>>> print(open('start32.txt').read())   # compact mmCIF, N, CA and C atoms
# COMPACT_ATOMS: atom_id res chain seq x y z
N MET A 1 27.82 21.37 19.03
CA MET A 1 26.60 21.09 19.77
C MET A 1 25.88 19.90 19.12
N ALA A 2 25.42 18.97 19.92
CA ALA A 2 24.73 17.78 19.44
C ALA A 2 23.31 18.13 18.99
N ILE A 3 22.88 17.46 17.96
CA ILE A 3 21.53 17.69 17.42
C ILE A 3 20.56 16.76 18.14
N SER A 4 19.42 17.30 18.55
CA SER A 4 18.35 16.49 19.11
C SER A 4 17.40 16.13 17.97
N TYR A 5 17.59 14.94 17.41
CA TYR A 5 16.83 14.54 16.23
C TYR A 5 15.34 14.39 16.53
N LYS A 6 15.00 13.99 17.74
CA LYS A 6 13.59 13.81 18.10
C LYS A 6 12.82 15.11 18.02
N SER A 7 13.50 16.23 18.26
CA SER A 7 12.81 17.52 18.24
C SER A 7 12.86 18.19 16.86
N CYS A 8 13.52 17.56 15.90
CA CYS A 8 13.61 18.13 14.55
C CYS A 8 12.28 17.98 13.82
N SER A 9 11.95 18.94 13.01
CA SER A 9 10.78 18.84 12.14
C SER A 9 11.13 17.93 10.96
N ASP A 10 10.12 17.50 10.23
CA ASP A 10 10.37 16.68 9.04
C ASP A 10 11.27 17.43 8.05
N ARG A 11 11.01 18.70 7.90
CA ARG A 11 11.81 19.51 6.97
C ARG A 11 13.28 19.52 7.38
N GLU A 12 13.53 19.70 8.68
CA GLU A 12 14.91 19.69 9.18
C GLU A 12 15.56 18.32 8.97
N LEU A 13 14.77 17.26 9.18
CA LEU A 13 15.31 15.92 8.97
C LEU A 13 15.68 15.70 7.51
N ILE A 14 14.84 16.17 6.60
CA ILE A 14 15.15 16.04 5.18
C ILE A 14 16.44 16.79 4.86
N GLU A 15 16.58 18.01 5.39
CA GLU A 15 17.80 18.77 5.14
C GLU A 15 19.03 18.03 5.65
N LEU A 16 18.91 17.39 6.81
CA LEU A 16 20.03 16.61 7.35
C LEU A 16 20.30 15.36 6.51
N ILE A 17 19.24 14.71 6.04
CA ILE A 17 19.40 13.52 5.18
C ILE A 17 20.08 13.92 3.88
N LEU A 18 19.73 15.09 3.36
CA LEU A 18 20.39 15.57 2.14
C LEU A 18 21.89 15.77 2.34
N GLU A 19 22.29 15.95 3.60
CA GLU A 19 23.72 16.06 3.94
C GLU A 19 24.30 14.71 4.35
N ASP A 20 23.57 13.63 4.04
CA ASP A 20 23.98 12.24 4.33
C ASP A 20 24.07 11.94 5.83
N ASP A 21 23.21 12.56 6.60
CA ASP A 21 23.18 12.33 8.04
C ASP A 21 22.37 11.06 8.33
N HIS A 22 23.06 9.99 8.67
CA HIS A 22 22.40 8.70 8.89
C HIS A 22 21.51 8.71 10.13
N ARG A 23 21.88 9.49 11.14
CA ARG A 23 21.06 9.55 12.35
C ARG A 23 19.71 10.21 12.07
N ALA A 24 19.69 11.17 11.18
CA ALA A 24 18.42 11.78 10.78
C ALA A 24 17.55 10.76 10.06
N TYR A 25 18.19 9.96 9.24
CA TYR A 25 17.47 8.88 8.54
C TYR A 25 16.87 7.90 9.56
N LEU A 26 17.64 7.54 10.57
CA LEU A 26 17.13 6.62 11.60
C LEU A 26 15.97 7.24 12.37
N GLU A 27 16.01 8.54 12.59
CA GLU A 27 14.91 9.22 13.26
C GLU A 27 13.65 9.16 12.40
N VAL A 28 13.80 9.34 11.10
CA VAL A 28 12.65 9.22 10.19
C VAL A 28 12.07 7.82 10.28
N TYR A 29 12.96 6.83 10.30
CA TYR A 29 12.51 5.43 10.41
C TYR A 29 11.73 5.23 11.71
N GLU A 30 12.27 5.68 12.82
CA GLU A 30 11.60 5.51 14.11
C GLU A 30 10.28 6.28 14.17
N ARG A 31 10.22 7.39 13.51
CA ARG A 31 9.04 8.24 13.54
C ARG A 31 7.92 7.68 12.65
N TYR A 32 8.29 7.18 11.49
CA TYR A 32 7.26 6.79 10.50
C TYR A 32 7.02 5.29 10.37
N SER A 33 7.96 4.43 10.72
CA SER A 33 7.76 3.01 10.48
C SER A 33 6.55 2.42 11.19
N PRO A 34 6.24 2.79 12.44
CA PRO A 34 5.04 2.21 13.06
C PRO A 34 3.75 2.58 12.31
N ARG A 35 3.65 3.84 11.90
CA ARG A 35 2.44 4.27 11.17
C ARG A 35 2.35 3.61 9.80
N LEU A 36 3.48 3.52 9.12
CA LEU A 36 3.48 2.88 7.81
C LEU A 36 3.17 1.40 7.93
N TYR A 37 3.65 0.77 8.98
CA TYR A 37 3.38 -0.65 9.20
C TYR A 37 1.88 -0.88 9.37
N ILE A 38 1.25 -0.08 10.21
CA ILE A 38 -0.20 -0.21 10.43
C ILE A 38 -0.96 0.04 9.13
N HIS A 39 -0.55 1.05 8.40
CA HIS A 39 -1.20 1.38 7.13
C HIS A 39 -1.06 0.21 6.14
N ALA A 40 0.12 -0.36 6.05
CA ALA A 40 0.35 -1.46 5.12
C ALA A 40 -0.41 -2.71 5.54
N CYS A 41 -0.53 -2.95 6.84
CA CYS A 41 -1.25 -4.14 7.33
C CYS A 41 -2.72 -4.12 6.94
N ARG A 42 -3.26 -2.94 6.73
CA ARG A 42 -4.66 -2.83 6.30
C ARG A 42 -4.85 -3.31 4.87
N ARG A 43 -3.77 -3.31 4.10
CA ARG A 43 -3.87 -3.65 2.68
C ARG A 43 -3.19 -4.97 2.31
N VAL A 44 -2.28 -5.41 3.15
CA VAL A 44 -1.52 -6.63 2.86
C VAL A 44 -1.68 -7.58 4.04
N SER A 45 -2.14 -8.79 3.78
CA SER A 45 -2.41 -9.72 4.87
C SER A 45 -1.16 -10.43 5.39
N ASN A 46 -0.19 -10.64 4.54
CA ASN A 46 1.03 -11.35 4.93
C ASN A 46 1.99 -10.38 5.61
N ARG A 47 2.27 -10.61 6.89
CA ARG A 47 3.11 -9.70 7.67
C ARG A 47 4.56 -9.67 7.17
N ASP A 48 5.04 -10.78 6.62
CA ASP A 48 6.39 -10.78 6.04
C ASP A 48 6.45 -9.86 4.83
N ASP A 49 5.38 -9.86 4.03
CA ASP A 49 5.32 -8.95 2.88
C ASP A 49 5.30 -7.49 3.35
N VAL A 50 4.59 -7.23 4.45
CA VAL A 50 4.54 -5.87 4.99
C VAL A 50 5.94 -5.43 5.41
N LYS A 51 6.66 -6.30 6.09
CA LYS A 51 8.02 -5.97 6.51
C LYS A 51 8.92 -5.71 5.31
N ASP A 52 8.75 -6.54 4.27
CA ASP A 52 9.53 -6.33 3.04
C ASP A 52 9.20 -4.98 2.40
N LEU A 53 7.91 -4.65 2.37
CA LEU A 53 7.50 -3.36 1.81
C LEU A 53 8.14 -2.20 2.56
N LEU A 54 8.11 -2.26 3.88
CA LEU A 54 8.71 -1.18 4.67
C LEU A 54 10.21 -1.09 4.43
N GLN A 55 10.84 -2.23 4.32
CA GLN A 55 12.29 -2.22 4.04
C GLN A 55 12.55 -1.54 2.69
N GLU A 56 11.73 -1.84 1.70
CA GLU A 56 11.89 -1.22 0.39
C GLU A 56 11.63 0.28 0.44
N VAL A 57 10.62 0.69 1.21
CA VAL A 57 10.29 2.12 1.33
C VAL A 57 11.47 2.89 1.90
N PHE A 58 12.04 2.38 2.98
CA PHE A 58 13.13 3.11 3.62
C PHE A 58 14.44 2.98 2.84
N PHE A 59 14.59 1.89 2.10
CA PHE A 59 15.74 1.79 1.20
C PHE A 59 15.63 2.87 0.12
N GLU A 60 14.42 3.00 -0.45
CA GLU A 60 14.20 4.01 -1.49
C GLU A 60 14.47 5.42 -0.95
N LEU A 61 14.05 5.67 0.28
CA LEU A 61 14.28 6.99 0.88
C LEU A 61 15.78 7.29 0.92
N TRP A 62 16.56 6.36 1.41
CA TRP A 62 18.00 6.61 1.53
C TRP A 62 18.66 6.64 0.15
N HIS A 63 18.28 5.70 -0.69
CA HIS A 63 18.89 5.59 -2.02
C HIS A 63 18.62 6.84 -2.87
N ASN A 64 17.41 7.39 -2.76
CA ASN A 64 17.01 8.55 -3.57
C ASN A 64 17.04 9.85 -2.78
N ARG A 65 17.77 9.89 -1.68
CA ARG A 65 17.74 11.05 -0.79
C ARG A 65 18.16 12.34 -1.48
N HIS A 66 19.05 12.26 -2.46
CA HIS A 66 19.53 13.49 -3.10
C HIS A 66 18.51 14.07 -4.09
N SER A 67 17.45 13.32 -4.36
CA SER A 67 16.41 13.86 -5.23
C SER A 67 15.27 14.47 -4.40
N LEU A 68 15.37 14.38 -3.07
CA LEU A 68 14.35 14.96 -2.19
C LEU A 68 14.48 16.48 -2.17
N SER A 69 13.39 17.10 -1.81
CA SER A 69 13.39 18.54 -1.60
C SER A 69 12.94 18.80 -0.16
N ALA A 70 13.58 19.74 0.50
CA ALA A 70 13.22 20.04 1.89
C ALA A 70 11.78 20.54 1.99
N GLU A 71 11.25 21.07 0.89
CA GLU A 71 9.87 21.56 0.90
C GLU A 71 8.85 20.43 0.71
N SER A 72 9.30 19.28 0.26
CA SER A 72 8.39 18.15 0.03
C SER A 72 7.92 17.58 1.37
N PRO A 73 6.65 17.22 1.44
CA PRO A 73 6.17 16.60 2.69
C PRO A 73 6.74 15.19 2.82
N LEU A 74 7.48 14.95 3.89
CA LEU A 74 8.14 13.67 4.09
C LEU A 74 7.13 12.53 4.20
N GLY A 75 6.09 12.74 4.97
CA GLY A 75 5.07 11.71 5.12
C GLY A 75 4.43 11.35 3.79
N GLY A 76 4.15 12.35 2.99
CA GLY A 76 3.56 12.10 1.67
C GLY A 76 4.48 11.28 0.79
N TYR A 77 5.77 11.59 0.84
CA TYR A 77 6.75 10.83 0.06
C TYR A 77 6.76 9.37 0.50
N LEU A 78 6.78 9.14 1.82
CA LEU A 78 6.85 7.77 2.33
C LEU A 78 5.58 6.99 2.01
N TYR A 79 4.41 7.61 2.18
CA TYR A 79 3.16 6.91 1.88
C TYR A 79 3.02 6.64 0.38
N ALA A 80 3.45 7.58 -0.45
CA ALA A 80 3.39 7.35 -1.90
C ALA A 80 4.32 6.22 -2.31
N THR A 81 5.50 6.17 -1.70
CA THR A 81 6.43 5.08 -2.00
C THR A 81 5.84 3.75 -1.55
N LEU A 82 5.21 3.72 -0.38
CA LEU A 82 4.57 2.50 0.11
C LEU A 82 3.46 2.06 -0.84
N ARG A 83 2.65 3.00 -1.30
CA ARG A 83 1.57 2.67 -2.22
C ARG A 83 2.12 2.09 -3.52
N TYR A 84 3.17 2.71 -4.06
CA TYR A 84 3.80 2.23 -5.29
C TYR A 84 4.36 0.83 -5.10
N ARG A 85 5.04 0.59 -3.99
CA ARG A 85 5.61 -0.73 -3.71
C ARG A 85 4.52 -1.77 -3.53
N ASN A 86 3.42 -1.37 -2.91
CA ASN A 86 2.30 -2.29 -2.73
C ASN A 86 1.68 -2.67 -4.07
N ILE A 87 1.56 -1.72 -4.96
CA ILE A 87 1.03 -2.01 -6.30
C ILE A 87 1.95 -3.00 -7.03
N LYS A 88 3.26 -2.80 -6.91
CA LYS A 88 4.20 -3.73 -7.53
C LYS A 88 4.08 -5.12 -6.93
N LEU A 89 3.86 -5.21 -5.62
CA LEU A 89 3.69 -6.51 -4.96
C LEU A 89 2.44 -7.21 -5.48
N ILE A 90 1.35 -6.48 -5.59
CA ILE A 90 0.10 -7.05 -6.10
C ILE A 90 0.28 -7.54 -7.53
N ALA A 91 0.95 -6.74 -8.36
CA ALA A 91 1.18 -7.13 -9.75
C ALA A 91 2.03 -8.40 -9.82
N ARG A 92 3.05 -8.48 -8.97
CA ARG A 92 3.92 -9.65 -8.95
C ARG A 92 3.13 -10.89 -8.52
N GLU A 93 2.27 -10.73 -7.50
CA GLU A 93 1.45 -11.85 -7.03
C GLU A 93 0.48 -12.31 -8.11
N LYS A 94 -0.10 -11.36 -8.84
CA LYS A 94 -1.02 -11.72 -9.91
C LYS A 94 -0.30 -12.46 -11.03
N ALA A 95 0.93 -12.04 -11.31
CA ALA A 95 1.71 -12.72 -12.35
C ALA A 95 1.99 -14.16 -11.95
N VAL A 96 2.35 -14.38 -10.71
CA VAL A 96 2.63 -15.73 -10.22
C VAL A 96 1.35 -16.56 -10.24
N THR A 97 0.26 -15.97 -9.72
CA THR A 97 -1.01 -16.68 -9.70
C THR A 97 -1.46 -17.00 -11.12
N GLY A 98 -1.32 -16.04 -12.02
CA GLY A 98 -1.70 -16.26 -13.42
C GLY A 98 -0.90 -17.37 -14.06
N PHE A 99 0.39 -17.46 -13.72
CA PHE A 99 1.23 -18.52 -14.26
C PHE A 99 0.71 -19.88 -13.82
N PHE A 100 0.41 -20.02 -12.53
CA PHE A 100 -0.04 -21.32 -12.03
C PHE A 100 -1.46 -21.64 -12.46
N GLU A 101 -2.27 -20.62 -12.77
CA GLU A 101 -3.58 -20.89 -13.33
C GLU A 101 -3.44 -21.37 -14.77
N LYS A 102 -2.50 -20.79 -15.48
CA LYS A 102 -2.28 -21.16 -16.88
C LYS A 102 -1.59 -22.53 -16.99
N TYR A 103 -0.68 -22.79 -16.07
CA TYR A 103 0.08 -24.04 -16.07
C TYR A 103 -0.07 -24.72 -14.72
N PRO A 104 -1.17 -25.41 -14.50
CA PRO A 104 -1.34 -26.09 -13.21
C PRO A 104 -0.20 -27.08 -12.96
N LEU A 105 0.06 -27.35 -11.72
CA LEU A 105 1.17 -28.23 -11.36
C LEU A 105 1.03 -29.61 -12.00
N THR A 106 -0.19 -30.05 -12.25
CA THR A 106 -0.38 -31.37 -12.85
C THR A 106 0.08 -31.39 -14.30
N GLU A 107 0.15 -30.22 -14.95
CA GLU A 107 0.55 -30.17 -16.34
C GLU A 107 2.02 -29.87 -16.55
N LEU A 108 2.73 -29.51 -15.48
CA LEU A 108 4.14 -29.24 -15.64
C LEU A 108 4.89 -30.55 -15.88
N PRO A 109 5.88 -30.53 -16.75
CA PRO A 109 6.63 -31.76 -17.01
C PRO A 109 7.39 -32.20 -15.77
N ASP A 110 7.45 -33.51 -15.60
CA ASP A 110 8.19 -34.09 -14.49
C ASP A 110 9.67 -34.00 -14.82
N PRO A 111 10.46 -33.28 -14.01
CA PRO A 111 11.88 -33.11 -14.34
C PRO A 111 12.64 -34.43 -14.37
N VAL A 112 12.22 -35.40 -13.58
CA VAL A 112 12.91 -36.71 -13.59
C VAL A 112 12.67 -37.40 -14.93
N ARG A 113 11.45 -37.37 -15.39
CA ARG A 113 11.14 -37.99 -16.68
C ARG A 113 11.88 -37.27 -17.81
N ALA A 114 11.94 -35.97 -17.75
CA ALA A 114 12.65 -35.21 -18.78
C ALA A 114 14.12 -35.59 -18.78
N ASP A 115 14.73 -35.73 -17.62
CA ASP A 115 16.13 -36.17 -17.53
C ASP A 115 16.30 -37.57 -18.11
N ASP A 116 15.36 -38.44 -17.79
CA ASP A 116 15.43 -39.80 -18.32
C ASP A 116 15.38 -39.80 -19.85
N ARG A 117 14.51 -38.96 -20.42
CA ARG A 117 14.41 -38.89 -21.88
C ARG A 117 15.71 -38.40 -22.50
N VAL A 118 16.32 -37.41 -21.89
CA VAL A 118 17.59 -36.88 -22.40
C VAL A 118 18.65 -37.97 -22.36
N ARG A 119 18.71 -38.69 -21.24
CA ARG A 119 19.70 -39.78 -21.13
C ARG A 119 19.44 -40.88 -22.15
N GLU A 120 18.16 -41.23 -22.35
CA GLU A 120 17.81 -42.26 -23.35
C GLU A 120 18.27 -41.83 -24.73
N ASN A 121 18.00 -40.55 -25.08
CA ASN A 121 18.40 -40.05 -26.39
C ASN A 121 19.92 -40.08 -26.55
N GLU A 122 20.63 -39.65 -25.51
CA GLU A 122 22.10 -39.65 -25.58
C GLU A 122 22.63 -41.07 -25.69
N LEU A 123 22.05 -41.99 -24.92
CA LEU A 123 22.49 -43.37 -24.98
C LEU A 123 22.18 -43.97 -26.33
N GLY A 124 21.02 -43.63 -26.89
CA GLY A 124 20.66 -44.14 -28.22
C GLY A 124 21.65 -43.65 -29.28
N GLN A 125 22.07 -42.40 -29.18
CA GLN A 125 23.05 -41.87 -30.14
C GLN A 125 24.39 -42.57 -29.99
N ILE A 126 24.79 -42.85 -28.75
CA ILE A 126 26.07 -43.53 -28.54
C ILE A 126 26.00 -44.94 -29.11
N ILE A 127 24.89 -45.64 -28.94
CA ILE A 127 24.74 -47.00 -29.45
C ILE A 127 24.77 -47.02 -30.97
N GLU A 128 24.11 -46.04 -31.61
CA GLU A 128 24.07 -45.98 -33.06
C GLU A 128 25.44 -45.73 -33.67
N GLU A 129 26.34 -45.06 -32.94
CA GLU A 129 27.68 -44.75 -33.46
C GLU A 129 28.50 -45.96 -33.42
>>> encode(input="start32.txt", output="structure tokens")
Amino acid sequence: MAISYKSCSDRELIELILEDDHRAYLEVYERYSPRLYIHACRRVSNRDDVKDLLQEVFFELWHNRHSLSAESPLGGYLYATLRYRNIKLIAREKAVTGFFEKYPLTELPDPVRADDRVRENELGQIIEE
């Protein structure tokens, strides 16, 4: 008998995912991705970043499926994963911003000049030999 995934409860979907049922996983995606997208858009302005976050959330769900418990609230797991991924995104953005504040583009060495210096030094060594 075919399973009607749309009528499954979250608990039933988790049990099916624990059995590596990919269709149950897809049902979770269809059920939760719109809500998670809206939730993430409230906190992240870049829509590409939101899409990346959702991809990471659902990757984590499938990758860590065997550590799930059927008693765990599926929505809570997904929202907590989204929150964790969002925190990592913010930390990564701050690190990049901090780097460019510490080393403004005007202070970065010109790679062409650096190459020229290396060539000059090498040529000078060849001439001295």
>>> select_by_dssp(input="start32.txt", residues="chain A", states="helix (DSSP H, G or I)", output="ChimeraX atom specification")
/A:5-7,10-18,22-41,47-63,65-67,74-102,105-107,111-128
>>> closest_residue(input="start32.txt", among="A:His66, A:His22, A:Arg119, A:Arg43", to="Ile90 in chain A", atoms="only C-alpha atoms")
A:Arg43
>>> atom_distance(input="start32.txt", atom1="atom N of Leu68 in chain A", atom2="CA of Glu15 in chain A")
9.6 Å
>>> atom_distance(input="start32.txt", atom1="atom N of Asp48 in chain A", atom2="CA of Glu93 in chain A")
14.2 Å
>>> closest_residue(input="start32.txt", among="A:Tyr79, A:Phe59, A:Val118, A:Tyr5", to="Arg23 in chain A", atoms="only N, CA and C atoms")
A:Tyr5
>>> decode(input="start32.txt", residues="range 52-76 of chain A", atoms="N, CA, C and O atoms", output="compact mmCIF listing (two decimals), in the first residue's frame")
# COMPACT_ATOMS: atom_id res chain seq x y z
N ASP A 52 20.62 29.93 0.80
CA ASP A 52 21.75 29.12 1.26
C ASP A 52 21.48 28.56 2.66
O ASP A 52 21.80 27.40 2.94
N LEU A 53 20.92 29.39 3.53
CA LEU A 53 20.60 28.92 4.89
C LEU A 53 19.62 27.76 4.85
O LEU A 53 19.81 26.76 5.55
N LEU A 54 18.58 27.89 4.04
CA LEU A 54 17.60 26.81 3.95
C LEU A 54 18.22 25.53 3.40
O LEU A 54 17.93 24.44 3.87
N GLN A 55 19.08 25.70 2.42
CA GLN A 55 19.77 24.52 1.87
C GLN A 55 20.59 23.84 2.96
O GLN A 55 20.58 22.61 3.08
N GLU A 56 21.27 24.62 3.77
CA GLU A 56 22.07 24.06 4.86
C GLU A 56 21.20 23.38 5.91
O GLU A 56 21.54 22.31 6.43
N VAL A 57 20.05 23.98 6.22
CA VAL A 57 19.13 23.40 7.21
C VAL A 57 18.66 22.03 6.76
O VAL A 57 18.71 21.06 7.53
N PHE A 58 18.23 21.93 5.51
CA PHE A 58 17.70 20.65 5.04
C PHE A 58 18.82 19.64 4.77
O PHE A 58 18.60 18.44 4.91
N PHE A 59 20.00 20.13 4.44
CA PHE A 59 21.14 19.22 4.34
C PHE A 59 21.43 18.61 5.70
O PHE A 59 21.65 17.41 5.83
N GLU A 60 21.44 19.47 6.73
CA GLU A 60 21.70 19.00 8.10
C GLU A 60 20.65 17.97 8.53
O GLU A 60 20.98 16.98 9.17
N LEU A 61 19.40 18.22 8.17
CA LEU A 61 18.33 17.29 8.53
C LEU A 61 18.62 15.91 7.94
O LEU A 61 18.58 14.91 8.65
N TRP A 62 18.94 15.86 6.66
CA TRP A 62 19.19 14.56 6.03
C TRP A 62 20.49 13.94 6.53
O TRP A 62 20.55 12.75 6.83
N HIS A 63 21.51 14.76 6.63
CA HIS A 63 22.83 14.26 7.04
C HIS A 63 22.80 13.70 8.47
O HIS A 63 23.45 12.70 8.76
N ASN A 64 22.05 14.34 9.35
CA ASN A 64 22.00 13.93 10.76
C ASN A 64 20.72 13.17 11.10
O ASN A 64 20.35 13.09 12.27
N ARG A 65 20.04 12.63 10.11
CA ARG A 65 18.74 12.00 10.32
C ARG A 65 18.78 10.87 11.34
O ARG A 65 17.83 10.66 12.06
N HIS A 66 19.89 10.15 11.41
CA HIS A 66 19.94 9.00 12.32
C HIS A 66 20.13 9.43 13.79
O HIS A 66 19.99 8.60 14.68
N SER A 67 20.38 10.70 14.01
CA SER A 67 20.47 11.18 15.39
C SER A 67 19.13 11.77 15.86
O SER A 67 19.01 12.19 17.00
N LEU A 68 18.15 11.82 14.96
CA LEU A 68 16.82 12.33 15.32
C LEU A 68 16.08 11.33 16.20
O LEU A 68 16.36 10.14 16.15
N SER A 69 15.14 11.85 16.92
CA SER A 69 14.24 11.01 17.71
C SER A 69 12.82 11.29 17.25
O SER A 69 12.46 12.45 17.01
N ALA A 70 12.02 10.25 17.12
CA ALA A 70 10.64 10.43 16.67
C ALA A 70 9.85 11.30 17.65
O ALA A 70 8.86 11.92 17.27
N GLU A 71 10.29 11.35 18.90
CA GLU A 71 9.60 12.17 19.90
C GLU A 71 9.99 13.65 19.82
O GLU A 71 9.33 14.50 20.40
N SER A 72 11.08 13.95 19.13
CA SER A 72 11.54 15.34 19.01
C SER A 72 10.59 16.12 18.11
O SER A 72 10.15 15.60 17.09
N PRO A 73 10.31 17.36 18.47
CA PRO A 73 9.47 18.17 17.59
C PRO A 73 10.25 18.56 16.33
O PRO A 73 11.30 19.19 16.42
N LEU A 74 9.74 18.17 15.18
CA LEU A 74 10.44 18.41 13.92
C LEU A 74 10.60 19.90 13.64
O LEU A 74 11.69 20.35 13.27
N GLY A 75 9.54 20.65 13.85
CA GLY A 75 9.61 22.09 13.63
C GLY A 75 10.66 22.75 14.51
O GLY A 75 11.42 23.61 14.06
N GLY A 76 10.71 22.34 15.76
CA GLY A 76 11.71 22.89 16.68
C GLY A 76 13.12 22.60 16.22
O GLY A 76 14.00 23.45 16.29
